[in-house]
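Coordinates as given in data26.txt (compact mmCIF, C-alpha atoms):
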```txt
# COMPACT_ATOMS: atom_id res chain seq x y z
CA VAL A 43 1.92 6.86 -24.42
CA LEU A 44 4.51 8.32 -26.84
CA GLY A 45 5.44 11.86 -27.76
CA LYS A 46 4.37 15.06 -26.05
CA PRO A 47 1.15 14.68 -24.02
CA THR A 48 -2.02 16.40 -25.19
CA THR A 49 -4.33 15.62 -22.25
CA TRP A 50 -4.00 15.38 -18.47
CA GLN A 51 -4.50 11.61 -18.76
CA GLU A 52 -1.44 11.36 -20.99
CA VAL A 53 0.59 13.57 -18.65
CA VAL A 54 -0.26 11.25 -15.76
CA ALA A 55 0.46 8.11 -17.79
CA LEU A 56 3.88 9.35 -18.90
CA GLN A 57 4.98 10.29 -15.40
CA LYS A 58 3.70 7.02 -13.99
CA GLN A 59 5.75 5.11 -16.54
CA VAL A 60 8.93 6.94 -15.54
CA LEU A 61 8.50 7.51 -11.81
CA GLU A 62 6.44 4.63 -10.41
CA PRO A 63 9.28 2.07 -10.35
CA LEU A 64 11.52 4.56 -8.55
CA MET A 65 8.82 5.51 -6.05
CA GLN A 66 8.17 1.82 -5.38
CA GLU A 67 11.90 1.30 -4.80
CA LEU A 68 12.09 4.27 -2.43
CA VAL A 69 9.02 3.20 -0.43
CA ALA A 70 10.29 -0.37 -0.12
CA THR A 71 13.68 0.85 1.12
CA VAL A 72 12.12 3.21 3.65
CA ARG A 73 9.95 0.34 4.86
CA ASP A 74 13.00 -1.88 5.22
CA LEU A 75 14.75 0.84 7.21
CA SER A 76 11.79 1.13 9.55
CA ASP A 77 11.85 -2.63 10.04
CA VAL A 78 15.44 -2.66 11.29
CA THR A 79 14.78 -3.55 14.92
CA PRO A 80 16.94 -5.69 17.22
CA LEU A 81 14.67 -8.68 16.58
CA ARG A 82 14.26 -8.30 12.82
CA ALA A 83 17.74 -7.09 11.86
CA PRO A 84 19.47 -10.53 11.76
CA VAL A 85 16.72 -12.00 9.56
CA MET A 86 16.83 -9.01 7.22
CA ALA A 87 20.62 -9.12 6.99
CA GLU A 88 20.41 -12.79 5.99
CA ARG A 89 17.74 -12.03 3.38
CA LEU A 90 19.87 -9.25 1.86
CA HIS A 91 23.03 -11.37 2.04
CA VAL A 92 25.05 -8.72 3.87
CA PRO A 93 26.75 -8.76 7.28
CA LEU A 94 24.64 -7.32 10.06
CA THR A 95 27.11 -4.46 10.58
CA GLN A 96 26.64 -3.38 6.93
CA LEU A 97 22.86 -3.63 6.90
CA MET A 98 22.08 -0.01 7.79
CA ASP A 99 24.71 1.34 5.40
CA THR A 100 23.33 -0.78 2.59
CA LEU A 101 19.78 0.38 3.18
CA GLU A 102 20.78 4.02 3.54
CA GLN A 103 22.73 3.83 0.28
CA ARG A 104 19.72 2.28 -1.47
CA LYS A 105 17.48 5.04 -0.13
CA LYS A 106 19.89 7.78 -1.18
CA SER A 107 20.26 6.27 -4.65
CA ALA A 108 16.49 6.13 -5.18
CA GLU A 109 16.08 9.69 -3.90
CA GLN A 110 18.79 11.00 -6.22
CA LYS A 111 17.20 9.29 -9.22
CA ILE A 112 13.76 10.75 -8.44
CA TRP A 113 15.11 14.20 -7.70
CA GLY A 114 17.25 14.08 -10.84
CA ILE A 115 14.17 13.40 -12.96
CA VAL A 116 11.86 15.96 -11.38
CA VAL A 117 14.46 18.69 -10.78
CA ARG A 118 16.71 18.93 -13.81
CA ARG A 119 17.68 22.58 -13.63
CA LYS A 120 19.46 25.15 -11.53
CA SER A 121 17.99 28.57 -11.04
CA HIS A 122 18.44 31.61 -8.89
CA VAL A 123 15.85 33.95 -7.48
CA ALA A 124 17.46 36.86 -9.32
CA ASP A 125 16.93 35.09 -12.65
CA VAL A 126 13.17 35.24 -12.21
CA PHE A 127 12.36 38.22 -10.00
CA ASP A 128 13.76 41.74 -10.12
CA ASP A 129 14.82 43.81 -7.13
CA MET A 130 11.39 45.49 -7.01
CA THR A 131 9.98 42.18 -5.81
CA TRP A 132 11.74 42.32 -2.48
CA GLY A 133 11.30 45.92 -1.37
CA GLU A 134 8.05 45.58 0.57
CA PHE A 135 8.99 42.17 1.96
CA VAL A 136 12.33 43.31 3.36
CA GLN A 137 10.61 46.26 5.04
CA GLN A 138 7.75 44.23 6.50
CA ALA A 139 9.36 40.92 7.48
CA PRO A 140 11.52 40.29 10.55
CA GLU A 141 15.16 40.00 9.54
CA GLU A 142 15.26 36.35 10.58
CA TRP A 143 12.65 35.63 7.91
CA HIS A 144 14.85 36.72 5.01
CA ASP A 145 17.14 33.70 4.60
CA PRO A 146 14.53 30.91 4.99
CA VAL A 147 12.05 32.65 2.69
CA PHE A 148 14.63 33.38 -0.03
CA ARG A 149 15.93 29.82 0.25
CA SER A 150 12.45 28.33 -0.20
CA LEU A 151 11.72 30.65 -3.13
CA GLY A 152 14.94 29.55 -4.77
CA GLU A 153 13.90 25.91 -4.37
CA VAL A 154 10.51 26.61 -5.96
CA ILE A 155 12.14 28.41 -8.86
CA ALA A 156 14.48 25.46 -9.45
CA LEU A 157 11.52 23.09 -9.53
CA VAL A 158 9.45 25.03 -12.07
CA PRO A 159 10.49 24.95 -15.76
CA GLN A 160 12.09 28.16 -17.02
CA ALA A 161 9.59 28.24 -19.89
CA ILE A 162 6.85 28.98 -17.35
CA TRP A 163 8.71 31.85 -15.72
CA GLU A 164 9.50 33.37 -19.11
CA HIS A 165 5.88 33.40 -20.31
CA PRO A 166 4.44 36.89 -21.05
CA SER A 167 1.70 36.32 -18.46
CA PHE A 168 4.41 36.74 -15.80
CA LEU A 169 5.40 40.20 -17.07
CA ASN A 170 3.59 43.53 -16.97
CA VAL A 171 3.17 45.73 -20.04
CA ALA A 172 6.55 47.35 -19.41
CA GLY A 173 8.28 43.98 -19.53
CA VAL A 174 9.07 44.03 -15.80
CA LYS A 175 8.40 40.90 -13.79
CA ARG A 176 5.17 41.52 -11.99
CA PHE A 177 5.51 39.39 -8.87
CA ARG A 178 5.43 41.08 -5.47
CA LEU A 179 6.17 39.57 -2.05
CA PHE A 180 4.75 40.88 1.22
CA ALA A 181 4.90 39.78 4.86
CA THR A 182 2.39 40.07 7.69
CA PRO A 183 3.59 37.73 10.46
CA GLY A 184 0.85 35.61 12.00
CA ILE A 185 -1.84 35.95 9.34
CA ARG A 186 -3.15 33.24 7.03
CA SER A 187 -0.85 33.42 3.98
CA TYR A 188 -2.51 34.18 0.65
CA TYR A 189 -2.01 34.84 -3.06
CA LEU A 190 -3.67 37.62 -5.03
CA ASP A 191 -3.48 38.09 -8.79
CA PHE A 192 -4.16 41.43 -10.44
CA PRO A 193 -4.45 40.77 -14.21
CA GLY A 194 -2.16 42.97 -16.25
CA VAL A 195 -0.55 44.52 -13.19
CA GLN A 196 1.02 42.04 -10.77
CA GLY A 197 0.69 38.84 -8.77
CA SER A 198 1.47 38.85 -5.09
CA VAL A 199 2.08 36.52 -2.18
CA THR A 200 1.61 37.71 1.38
CA LEU A 201 3.32 35.41 3.86
CA GLY A 202 2.28 34.98 7.46
CA THR A 203 4.97 32.38 8.14
CA THR A 204 8.34 31.13 6.90
CA GLU A 205 7.12 27.52 6.71
CA GLN A 206 8.53 25.91 3.57
CA ALA A 207 5.35 24.06 2.57
CA VAL A 208 3.31 27.27 2.87
CA ILE A 209 5.71 29.17 0.61
CA PHE A 210 5.57 26.35 -1.95
CA HIS A 211 1.75 26.37 -1.71
CA GLU A 212 1.37 30.10 -2.35
CA MET A 213 3.90 30.05 -5.19
CA GLY A 214 1.86 27.25 -6.73
CA HIS A 215 -0.93 29.78 -7.27
CA TYR A 216 1.50 32.00 -9.17
CA VAL A 217 2.59 29.06 -11.36
CA GLU A 218 -1.05 28.30 -12.15
CA THR A 219 -1.53 31.74 -13.71
CA HIS A 220 0.34 30.36 -16.74
CA PRO A 221 -2.47 29.70 -19.25
CA ALA A 222 -1.32 26.20 -20.22
CA VAL A 223 -0.90 25.13 -16.59
CA ASN A 224 -4.29 26.58 -15.67
CA SER A 225 -6.00 24.80 -18.57
CA LEU A 226 -4.42 21.46 -17.68
CA LEU A 227 -5.35 21.72 -14.00
CA ARG A 228 -8.93 22.80 -14.68
CA SER A 229 -9.50 19.86 -17.04
CA PHE A 230 -8.14 17.50 -14.36
CA TYR A 231 -10.33 19.13 -11.71
CA GLN A 232 -13.48 18.89 -13.84
CA ALA A 233 -12.86 15.21 -14.54
CA ARG A 234 -12.13 14.33 -10.93
CA THR A 235 -15.06 16.25 -9.40
CA HIS A 236 -17.70 15.63 -12.06
CA GLY A 237 -21.11 15.14 -10.44
CA GLU A 238 -19.82 15.85 -6.93
CA ARG A 239 -21.69 18.20 -4.62
CA ALA A 240 -19.80 21.12 -3.11
CA ILE A 241 -19.68 21.23 0.68
CA PRO A 242 -18.44 23.96 3.06
CA LEU A 243 -14.80 23.62 4.09
CA GLN A 244 -16.02 24.34 7.63
CA THR A 245 -17.63 20.89 7.66
CA VAL A 246 -14.31 19.24 6.80
CA TYR A 247 -11.86 21.25 8.89
CA ASP A 248 -12.40 22.74 12.31
CA ASP A 249 -10.55 25.83 11.22
CA HIS A 250 -10.81 29.44 10.09
CA TYR A 251 -12.54 29.00 6.72
CA GLY A 252 -15.34 31.34 5.73
CA GLU A 253 -18.91 30.27 5.08
CA ASN A 254 -18.48 30.94 1.35
CA GLU A 255 -15.43 28.64 1.03
CA VAL A 256 -16.63 25.33 -0.40
CA THR A 257 -14.95 22.25 -1.80
CA LYS A 258 -15.57 19.17 -3.89
CA LYS A 259 -13.41 16.90 -1.79
CA ASP A 260 -13.29 13.93 -4.20
CA ARG A 261 -10.48 11.58 -3.14
CA PHE A 262 -7.88 14.33 -2.84
CA LEU A 263 -5.36 13.92 -0.05
CA ASP A 264 -6.43 17.33 1.22
CA ALA A 265 -10.08 18.29 0.83
CA TYR A 266 -8.79 21.84 0.33
CA ALA A 267 -7.39 20.73 -3.05
CA GLY A 268 -10.98 20.55 -4.30
CA LYS A 269 -11.85 24.12 -3.32
CA VAL A 270 -14.26 25.66 -5.81
CA TYR A 271 -13.19 28.75 -7.76
CA GLY A 272 -14.45 30.32 -10.95
CA ASP A 273 -11.31 30.11 -13.08
CA ALA A 274 -8.60 28.63 -10.86
CA THR A 275 -7.92 25.65 -8.61
CA GLU A 276 -5.97 24.64 -5.51
CA LEU A 277 -4.40 21.72 -7.35
CA MET A 278 -1.04 23.29 -8.19
CA SER A 279 -0.74 24.91 -4.77
CA THR A 280 -1.62 21.85 -2.70
CA GLY A 281 0.37 19.61 -5.02
CA LEU A 282 3.49 21.77 -5.07
CA GLN A 283 3.62 21.92 -1.28
CA TYR A 284 4.13 18.15 -1.29
CA PHE A 285 7.09 18.56 -3.64
CA SER A 286 8.93 20.60 -1.03
CA SER A 287 10.62 17.40 0.18
CA LEU A 288 10.92 13.76 -0.84
CA GLU A 289 9.17 12.71 2.36
CA ARG A 290 6.13 14.81 1.45
CA MET A 291 6.31 13.57 -2.15
CA ARG A 292 5.96 10.00 -0.87
CA VAL A 293 2.87 10.99 1.11
CA LEU A 294 1.12 12.46 -1.94
CA TRP A 295 2.20 9.60 -4.21
CA HIS A 296 0.79 7.02 -1.79
CA ALA A 297 -2.50 8.85 -1.20
CA ASP A 298 -3.28 10.25 -4.67
CA PRO A 299 -0.98 9.00 -7.46
CA GLU A 300 -2.90 10.87 -10.18
CA HIS A 301 -2.39 14.22 -8.48
CA PHE A 302 1.26 13.36 -7.81
CA TYR A 303 1.99 12.42 -11.43
CA LEU A 304 0.13 15.47 -12.75
CA ILE A 305 2.28 17.84 -10.68
CA ALA A 306 5.43 15.91 -11.63
CA GLY A 307 4.50 16.32 -15.29
CA ILE A 308 4.07 20.07 -14.89
CA LEU A 309 7.42 20.36 -13.10
CA ARG A 310 9.06 18.38 -15.90
CA GLY A 311 7.60 20.75 -18.50
CA MET A 312 5.33 18.12 -20.06
CA ILE A 313 2.38 20.48 -20.36
CA PRO A 314 0.03 20.50 -23.36
CA GLY A 315 0.33 23.88 -25.05
CA LEU A 316 3.62 24.86 -23.36
```

Could you render the structure as structure tokens?
Amino acid sequence: VLGKPTTWQEVVALQKQVLEPLMQELVATVRDLSDVTPLRAPVMAERLHVPLTQLMDTLEQRKKSAEQKIWGIVVRRKSHVADVFDDMTWGEFVQQAPEEWHDPVFRSLGEVIALVPQAIWEHPSFLNVAGVKRFRLFATPGIRSYYLDFPGVQGSVTLGTTEQAVIFHEMGHYVETHPAVNSLLRSFYQARTHGERAIPLQTVYDDHYGENEVTKKDRFLDAYAGKVYGDATELMSTGLQYFSSLERMRVLWHADPEHFYLIAGILRGMIPGL
């Protein structure tokens, strides 16, 4: 596939071409590291042609090199929270959240902002009619975190925890409000779940889901990724939470490469219509 992608299939194919060899290298190195036991180490050192004392250093260096290459491809920018959100964003959060929440939440938000292309943050759909960024952040410790979008007014995340993956998940909903991202994800969702019957999330998870929350579980890593909405998905949110660390990225890549490569393509700005 050459040039800028025009379909989700092309997005996936392009990312696979670039990232699969590096993911294979990383997984193989992690596997080798896990195999370094007292019984296997001498054999492995002989196979790698290095002294036994250098084996762990060699493997750790290989792992770090693969991680840096992957991270360098997916995250190619630096960004600061202040570049995207104005001071109005933080007022309610600072008042509602325990003080010990401030640093971990701001740190995770900064990491999300660095992952997402600036062209997405700068889109008019992320501004209100006055040209002020419309995102709002709230905190209610202990609740189930959630995102709410109010068209033309603001989008908001209410956090019930400081867990990094949860913050990435809820911010994924905000990213999906970009029209091009939403269109790409919905076309992927329709293709993956075509002909599948929706089932209650309560039948999949022994958890706190309502009777009206249903999913088309497909072969997604998380059945929640197939949750049925009218004009949105859980694909960006569930996918982005796995990009909160390289360890989680490996989990998604192994379980659902298509979903992994689709999210990687979005984070690299290879979005039809962007």

Fewer than 3 positions away in the same chain doesn't count, so skip those; otherwise give me all residues within 7 Å of range 200-202 of chain A, counting all atoms listed in the file, as an MDAnalysis selection string.
chainID A and resid 179:189

Would you write out those residues with C-alpha atoms, as a PDB file, in the frame of the given file?
```pdb
ATOM      1  CA  LEU A 179       6.170  39.570  -2.050  1.00  0.00           C
ATOM      2  CA  PHE A 180       4.750  40.880   1.220  1.00  0.00           C
ATOM      3  CA  ALA A 181       4.900  39.780   4.860  1.00  0.00           C
ATOM      4  CA  THR A 182       2.390  40.070   7.690  1.00  0.00           C
ATOM      5  CA  PRO A 183       3.590  37.730  10.460  1.00  0.00           C
ATOM      6  CA  GLY A 184       0.850  35.610  12.000  1.00  0.00           C
ATOM      7  CA  ILE A 185      -1.840  35.950   9.340  1.00  0.00           C
ATOM      8  CA  ARG A 186      -3.150  33.240   7.030  1.00  0.00           C
ATOM      9  CA  SER A 187      -0.850  33.420   3.980  1.00  0.00           C
ATOM     10  CA  TYR A 188      -2.510  34.180   0.650  1.00  0.00           C
ATOM     11  CA  TYR A 189      -2.010  34.840  -3.060  1.00  0.00           C
TER      12      TYR A 189
END
```

For the interface of range 192-271 of chain A with range 140-160 of chain A (cut-off 10 Å, counting all atoms listed in the file), please tabulate each contacting residue of range 192-271 of chain A alongside its nearest pair of atoms and their separation in Å to one decimal, rows sorted by chain and increasing number, as JSON lines.
```
{"residue": "A:Leu201", "atom": "CA", "partner": "A:Val147", "partner_atom": "CA", "distance": 9.2}
{"residue": "A:Thr203", "atom": "CA", "partner": "A:Trp143", "partner_atom": "CA", "distance": 8.3}
{"residue": "A:Thr204", "atom": "CA", "partner": "A:Val147", "partner_atom": "CA", "distance": 5.8}
{"residue": "A:Glu205", "atom": "CA", "partner": "A:Val147", "partner_atom": "CA", "distance": 8.2}
{"residue": "A:Gln206", "atom": "CA", "partner": "A:Ser150", "partner_atom": "CA", "distance": 6.0}
{"residue": "A:Ala207", "atom": "CA", "partner": "A:Ser150", "partner_atom": "CA", "distance": 8.7}
{"residue": "A:Val208", "atom": "CA", "partner": "A:Ser150", "partner_atom": "CA", "distance": 9.7}
{"residue": "A:Ile209", "atom": "CA", "partner": "A:Ser150", "partner_atom": "CA", "distance": 6.8}
{"residue": "A:Phe210", "atom": "CA", "partner": "A:Val154", "partner_atom": "CA", "distance": 6.4}
{"residue": "A:His211", "atom": "CA", "partner": "A:Val154", "partner_atom": "CA", "distance": 9.7}
{"residue": "A:Met213", "atom": "CA", "partner": "A:Val154", "partner_atom": "CA", "distance": 7.5}
{"residue": "A:Gly214", "atom": "CA", "partner": "A:Val154", "partner_atom": "CA", "distance": 8.7}
{"residue": "A:Val217", "atom": "CA", "partner": "A:Val158", "partner_atom": "CA", "distance": 8.0}
```

Shell of 12 Å around Leu316 in chain A, only C-alpha atoms, local chain residues under 6 positions omitted, as a PyMOL selection string:
chain A and resi 46-48+159-165+220-226+307-310

What are the centre and edge lengths in Å, to one decimal, of the axis-aligned box around all listed atoms of range 243-261 of chain A with 3 Å added on each side, as AutoDock Vina command-line options?
```
--center_x -14.7 --center_y 21.5 --center_z 4.1 --size_x 14.4 --size_y 25.8 --size_z 22.5
```

Gap from CA of Thr219 in chain A to CA of Ala306 in chain A - Å, one decimal:
17.4 Å

Between CA of Gln110 in chain A and CA of Gln96 in chain A - distance in Å to one decimal:
21.0 Å

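Nearest residue to Phe302 in chain A among A:Glu62, A:Glu52, A:Asp74, A:Asp273 is A:Glu62, counting all atoms listed in the file.
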
Give me, please, the distance in Å between CA of Trp295 in chain A and CA of Gly281 in chain A, quoted to one decimal.
10.2 Å

Test item: which residues lie within 9 Å of (-15.0, 26.4, -4.0) counting all atoms listed in the file, as a ChimeraX atom specification
/A:240-243,254-258,266,268-272,275

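Distances here use only C-alpha atoms; by that measure, the residue among A:His250, A:Arg228, A:Arg73, A:Arg239 closest to Arg292 in chain A is A:Arg73.
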
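With all atoms listed in the file as the atoms that count, the minimum distance from His296 in chain A to the choices A:Gln59, A:Thr131, A:Thr235, A:Gln66 is reached by A:Gln66.
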
What residues have an atom no more than 10 Å from (2.1, 10.1, -16.0) in the file's own frame, counting only C-alpha atoms, and can you write them as a list in words?
Val43, Pro47, Trp50, Gln51, Glu52, Val53, Val54, Ala55, Leu56, Gln57, Lys58, Gln59, Val60, Leu61, Glu62, Pro299, Glu300, His301, Phe302, Tyr303, Leu304, Ile305, Ala306, Gly307 and Met312 of chain A

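The nearest approach to His236 in chain A among the residues A:Pro166, A:Gln283, A:Lys259, A:Lys106, with all atoms listed in the file taken into account, belongs to A:Lys259.
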
Of A:Tyr284, A:Tyr247, A:Phe177, A:Phe168, the one nearest to Phe135 in chain A when counting all atoms listed in the file is A:Phe177
